[in-house]
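Here's work29.cif, which has mmCIF, C-alpha atoms:
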data_entry
#
loop_
_atom_site.label_atom_id
_atom_site.label_comp_id
_atom_site.auth_asym_id
_atom_site.auth_seq_id
_atom_site.Cartn_x
_atom_site.Cartn_y
_atom_site.Cartn_z
CA MET A 23 -11.23 -19.44 -6.97
CA PHE A 24 -10.29 -23.11 -7.07
CA ASN A 25 -6.52 -22.74 -6.72
CA ASP A 26 -6.26 -25.35 -4.00
CA ILE A 27 -7.91 -28.21 -5.93
CA GLY A 28 -5.41 -30.78 -7.12
CA PRO A 29 -5.65 -32.92 -10.27
CA LEU A 30 -6.84 -36.01 -8.40
CA GLU A 31 -9.58 -34.02 -6.67
CA LEU A 32 -10.66 -32.54 -10.02
CA VAL A 33 -10.92 -35.98 -11.62
CA THR A 34 -12.90 -37.21 -8.61
CA LEU A 35 -15.33 -34.30 -8.94
CA ILE A 36 -15.81 -34.95 -12.67
CA VAL A 37 -16.46 -38.66 -12.12
CA LEU A 38 -18.86 -37.87 -9.29
CA ALA A 39 -20.72 -35.33 -11.47
CA VAL A 40 -21.06 -37.88 -14.28
CA LEU A 41 -22.39 -40.46 -11.84
CA VAL A 42 -24.86 -38.09 -10.17
CA PHE A 43 -26.21 -36.27 -13.24
CA GLY A 44 -25.47 -38.82 -15.94
CA PRO A 45 -23.76 -38.16 -19.26
CA ASP A 46 -27.03 -36.98 -20.83
CA LYS A 47 -27.94 -34.26 -18.29
CA LEU A 48 -24.42 -33.11 -17.39
CA PRO A 49 -23.91 -30.67 -20.34
CA LYS A 50 -27.29 -29.02 -19.65
CA PHE A 51 -26.43 -28.74 -15.94
CA ILE A 52 -23.04 -27.13 -16.71
CA GLN A 53 -24.75 -24.62 -19.03
CA ASP A 54 -27.27 -23.74 -16.33
CA VAL A 55 -24.55 -23.25 -13.73
CA MET A 56 -22.49 -21.06 -16.07
CA ARG A 57 -25.56 -18.98 -16.99
CA THR A 58 -26.32 -18.45 -13.29
CA LEU A 59 -22.72 -17.42 -12.57
CA ARG A 60 -22.79 -14.94 -15.48
CA LYS A 61 -26.03 -13.41 -14.17
CA ILE A 62 -24.62 -13.09 -10.64
CA ARG A 63 -21.44 -11.49 -11.99
CA GLU A 64 -23.47 -9.10 -14.18
CA PHE A 65 -25.71 -8.20 -11.22
CA SER A 66 -22.73 -7.40 -9.00
CA ASP A 67 -21.07 -5.31 -11.73
CA ASN A 68 -24.29 -3.34 -12.24
CA ALA A 69 -24.59 -2.78 -8.49
CA LYS A 70 -20.99 -1.52 -8.30
CA ASN A 71 -21.55 0.84 -11.23
CA ASP A 72 -24.78 2.14 -9.66
CA ILE A 73 -23.00 2.83 -6.38
CA ARG A 74 -20.14 4.61 -8.17
CA SER A 75 -22.57 6.77 -10.15
CA GLU A 76 -24.52 7.66 -7.00
CA LEU A 77 -21.36 8.64 -5.12
CA GLY A 78 -20.51 11.25 -7.72
CA PRO A 79 -17.47 12.25 -9.79
CA GLU A 80 -15.16 12.68 -6.79
CA PHE A 81 -15.33 8.91 -6.20
CA LYS A 82 -14.64 7.84 -9.80
CA ASP A 83 -11.44 6.04 -8.71
CA PHE A 84 -13.21 4.26 -5.87
CA GLU A 85 -12.55 0.52 -5.72
CA PHE A 86 -14.52 -1.80 -3.47
CA GLU A 87 -11.31 -3.66 -2.65
CA ASP A 88 -10.19 -0.48 -0.86
CA LEU A 89 -12.81 -1.19 1.80
CA ASN A 90 -10.54 -3.99 3.02
CA PRO A 91 -8.48 -2.36 5.81
CA LYS A 92 -5.24 -4.02 4.68
CA ALA A 93 -5.64 -2.83 1.09
CA PHE A 94 -6.63 0.67 2.25
CA LEU A 95 -3.58 1.02 4.51
CA ARG A 96 -1.24 -0.39 1.86
CA LYS A 97 -2.59 2.10 -0.69
CA GLN A 98 -2.27 5.03 1.72
CA LEU A 99 1.24 4.10 2.86
CA ASP A 100 2.47 3.64 -0.71
CA ASN A 101 1.25 7.14 -1.50
CA ASP A 102 4.34 9.36 -1.14
CA GLU A 103 2.52 12.63 -0.43
CA LEU A 104 3.50 12.48 3.23
CA GLY A 105 7.11 11.43 2.63
CA LEU A 106 6.64 8.15 4.48
CA LYS A 107 9.03 6.28 2.18
CA ASP A 108 11.92 8.49 3.35
CA ILE A 109 10.99 7.95 6.98
CA ARG A 110 10.62 4.21 6.49
CA SER A 111 13.97 3.92 4.69
CA THR A 112 15.88 5.79 7.43
CA PHE A 113 14.26 3.99 10.37
CA ASP A 114 16.12 0.88 11.54
CA LEU A 115 13.99 -0.96 14.09
CA LYS A 116 16.73 -3.34 15.23
CA ARG A 117 19.17 -0.52 15.88
CA GLU A 118 16.52 1.51 17.72
CA MET A 119 15.56 -1.48 19.89
CA ALA A 120 19.21 -2.22 20.65
CA GLU A 121 19.79 1.38 21.73
CA LEU A 122 16.66 1.28 23.86
CA THR A 123 17.67 -1.94 25.62
CA ASP A 124 21.18 -0.58 26.15
CA SER A 125 19.81 2.58 27.73
CA VAL A 126 17.42 0.57 29.93
CA ASN A 127 20.20 -1.77 31.04
CA GLY A 128 22.54 1.17 31.68
CA HIS A 129 25.07 0.25 28.98
CA ASP A 130 26.85 2.96 27.06
CA THR A 131 26.15 2.47 23.35
CA ALA A 132 29.36 4.19 22.27
CA SER A 133 31.74 1.97 24.25
CA ALA A 134 32.32 -1.64 23.34
CA LEU A 135 31.91 -4.27 26.04
CA PRO A 136 34.89 -6.50 26.83
CA ALA A 137 34.74 -10.03 25.50
CA PRO A 138 33.87 -12.73 28.05
CA THR A 139 36.69 -14.85 29.38
CA SER A 140 34.73 -18.11 29.65
CA SER A 141 34.83 -20.62 26.81
CA ALA A 142 31.01 -20.89 26.59
CA PRO A 143 29.62 -17.46 25.80
CA THR A 144 26.21 -16.54 27.11
CA SER A 145 23.46 -15.31 24.84
CA SER A 146 23.80 -11.71 26.08
CA ALA A 147 27.58 -11.81 25.67
CA ALA A 148 27.36 -13.31 22.20
CA SER A 149 25.24 -10.39 21.01
CA GLY A 150 27.63 -7.82 22.45
CA GLY A 151 25.80 -7.36 25.74
CA ARG A 152 22.53 -6.59 24.01
CA VAL A 153 19.30 -8.37 24.76
CA ASP A 154 17.55 -9.78 21.72
CA MET A 155 14.01 -8.39 21.99
CA THR A 156 12.81 -10.38 18.97
CA LYS A 157 13.06 -13.71 20.78
CA LYS A 158 10.41 -14.72 23.28
CA PRO A 159 11.74 -15.40 26.77
CA GLU A 160 11.70 -19.05 27.66
CA ALA A 161 8.92 -19.81 30.10
CA PRO A 162 9.60 -22.25 32.91
CA LYS A 163 8.44 -25.77 32.14
CA ASP A 164 5.21 -26.37 34.00
CA ASP A 165 2.69 -29.00 33.00
CA ARG A 166 -0.18 -27.29 34.77
CA PRO A 167 -2.14 -24.59 32.95
CA PRO A 168 -2.23 -21.15 34.56
CA PHE A 169 -4.95 -20.72 37.18
CA ASP A 170 -7.28 -17.76 36.97
CA ALA A 171 -9.41 -17.29 40.07
CA ASP A 172 -11.69 -14.78 38.35
CA ALA A 173 -12.53 -17.19 35.52
CA THR A 174 -14.00 -19.86 37.81
#
In structure tokens, write the structure found in this file.
Amino acid sequence: MFNDIGPLELVTLIVLAVLVFGPDKLPKFIQDVMRTLRKIREFSDNAKNDIRSELGPEFKDFEFEDLNPKAFLRKQLDNDELGLKDIRSTFDLKREMAELTDSVNGHDTASALPAPTSSAPTSSAASGGRVDMTKKPEAPKDDRPPFDADAT
């Protein structure tokens, strides 16, 4: 919860709490805060258990973290009922993209391209005539922002 608080920030918070509440009232305040946090945690656990019991036995393994789309997809993709691990292991995106760019550019993927004769190789020649689709194309340097007539 407080993973990003450094030691200096923690000391500052403690000194500030002692100054605001005083050394006499600070222990009582900490007890009250901890009691409130325990009650909130207990309330949320009871609510989760009530929801699970109302859903029925088919949802006994239901976790509320699964409602997060990333966690749900990760859980479904790690499930090997569909054989997705085999498909994922045999699919090479870079090779597929290289073959696609070669076919679009009209290059034969089976034949090797001759090496360039100039001393400074170009970026397409350095990669064997293939266009690197992972790099963004360099936009021309223009200080003006793009103009959109519909936006004005």
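Taking atom CA of A:Met56 as the reference point, atom CA of A:Ile27 is found at 19.1 Å.
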Computed interatomic separation between atom CA of A:Ile36 and atom CA of A:Gln53 (Å):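 So the two atoms, atom CA of A:Ile36 and atom CA of A:Gln53, lie 15.1 Å apart.
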Point-to-point distance from atom CA of A:Leu38 to atom CA of A:Ile52, Å rounded to tenths: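 That distance, rounded to one decimal, is 13.7 Å.
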Box for stretch 65-77 of chain A - axis-aligned, 3 Å on each of the six sides, all listed atoms - centre and size in Å to one decimal, as AutoDock Vina command-line options.
--center_x -22.9 --center_y 0.2 --center_z -8.7 --size_x 11.6 --size_y 22.8 --size_z 13.1
Using the partial input, fill out stretch 45-61 of chain A with N, CA and C atoms; write the result as a PDB file, in the coordinates of the input.
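So result-v6.pdb came out as:
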ATOM      1  N   PRO A  45     -24.398 -38.805 -18.104  1.00  0.00           N
ATOM      2  CA  PRO A  45     -23.760 -38.160 -19.260  1.00  0.00           C
ATOM      3  C   PRO A  45     -24.751 -37.385 -20.123  1.00  0.00           C
ATOM      4  N   ASP A  46     -26.049 -37.689 -20.012  1.00  0.00           N
ATOM      5  CA  ASP A  46     -27.030 -36.980 -20.830  1.00  0.00           C
ATOM      6  C   ASP A  46     -27.373 -35.613 -20.250  1.00  0.00           C
ATOM      7  N   LYS A  47     -27.514 -35.504 -18.933  1.00  0.00           N
ATOM      8  CA  LYS A  47     -27.940 -34.260 -18.290  1.00  0.00           C
ATOM      9  C   LYS A  47     -26.776 -33.364 -17.882  1.00  0.00           C
ATOM     10  N   LEU A  48     -25.569 -33.878 -17.866  1.00  0.00           N
ATOM     11  CA  LEU A  48     -24.420 -33.110 -17.390  1.00  0.00           C
ATOM     12  C   LEU A  48     -24.146 -31.857 -18.231  1.00  0.00           C
ATOM     13  N   PRO A  49     -24.149 -31.913 -19.579  1.00  0.00           N
ATOM     14  CA  PRO A  49     -23.910 -30.670 -20.340  1.00  0.00           C
ATOM     15  C   PRO A  49     -24.959 -29.593 -20.067  1.00  0.00           C
ATOM     16  N   LYS A  50     -26.218 -29.987 -19.949  1.00  0.00           N
ATOM     17  CA  LYS A  50     -27.290 -29.020 -19.650  1.00  0.00           C
ATOM     18  C   LYS A  50     -27.079 -28.413 -18.265  1.00  0.00           C
ATOM     19  N   PHE A  51     -26.680 -29.230 -17.293  1.00  0.00           N
ATOM     20  CA  PHE A  51     -26.430 -28.740 -15.940  1.00  0.00           C
ATOM     21  C   PHE A  51     -25.272 -27.753 -15.927  1.00  0.00           C
ATOM     22  N   ILE A  52     -24.198 -28.033 -16.654  1.00  0.00           N
ATOM     23  CA  ILE A  52     -23.040 -27.130 -16.710  1.00  0.00           C
ATOM     24  C   ILE A  52     -23.449 -25.809 -17.351  1.00  0.00           C
ATOM     25  N   GLN A  53     -24.275 -25.857 -18.403  1.00  0.00           N
ATOM     26  CA  GLN A  53     -24.750 -24.620 -19.030  1.00  0.00           C
ATOM     27  C   GLN A  53     -25.586 -23.797 -18.060  1.00  0.00           C
ATOM     28  N   ASP A  54     -26.445 -24.457 -17.298  1.00  0.00           N
ATOM     29  CA  ASP A  54     -27.270 -23.740 -16.330  1.00  0.00           C
ATOM     30  C   ASP A  54     -26.431 -23.087 -15.239  1.00  0.00           C
ATOM     31  N   VAL A  55     -25.432 -23.802 -14.760  1.00  0.00           N
ATOM     32  CA  VAL A  55     -24.550 -23.250 -13.730  1.00  0.00           C
ATOM     33  C   VAL A  55     -23.771 -22.060 -14.276  1.00  0.00           C
ATOM     34  N   MET A  56     -23.247 -22.166 -15.484  1.00  0.00           N
ATOM     35  CA  MET A  56     -22.490 -21.060 -16.070  1.00  0.00           C
ATOM     36  C   MET A  56     -23.391 -19.855 -16.325  1.00  0.00           C
ATOM     37  N   ARG A  57     -24.621 -20.067 -16.768  1.00  0.00           N
ATOM     38  CA  ARG A  57     -25.560 -18.980 -16.990  1.00  0.00           C
ATOM     39  C   ARG A  57     -25.863 -18.269 -15.666  1.00  0.00           C
ATOM     40  N   THR A  58     -26.043 -19.039 -14.603  1.00  0.00           N
ATOM     41  CA  THR A  58     -26.320 -18.450 -13.290  1.00  0.00           C
ATOM     42  C   THR A  58     -25.119 -17.634 -12.803  1.00  0.00           C
ATOM     43  N   LEU A  59     -23.917 -18.159 -12.980  1.00  0.00           N
ATOM     44  CA  LEU A  59     -22.720 -17.420 -12.570  1.00  0.00           C
ATOM     45  C   LEU A  59     -22.565 -16.123 -13.356  1.00  0.00           C
ATOM     46  N   ARG A  60     -22.859 -16.156 -14.673  1.00  0.00           N
ATOM     47  CA  ARG A  60     -22.790 -14.940 -15.480  1.00  0.00           C
ATOM     48  C   ARG A  60     -23.798 -13.903 -14.991  1.00  0.00           C
ATOM     49  N   LYS A  61     -25.005 -14.341 -14.654  1.00  0.00           N
ATOM     50  CA  LYS A  61     -26.030 -13.410 -14.170  1.00  0.00           C
ATOM     51  C   LYS A  61     -25.624 -12.801 -12.827  1.00  0.00           C
TER      52      LYS A  61
END
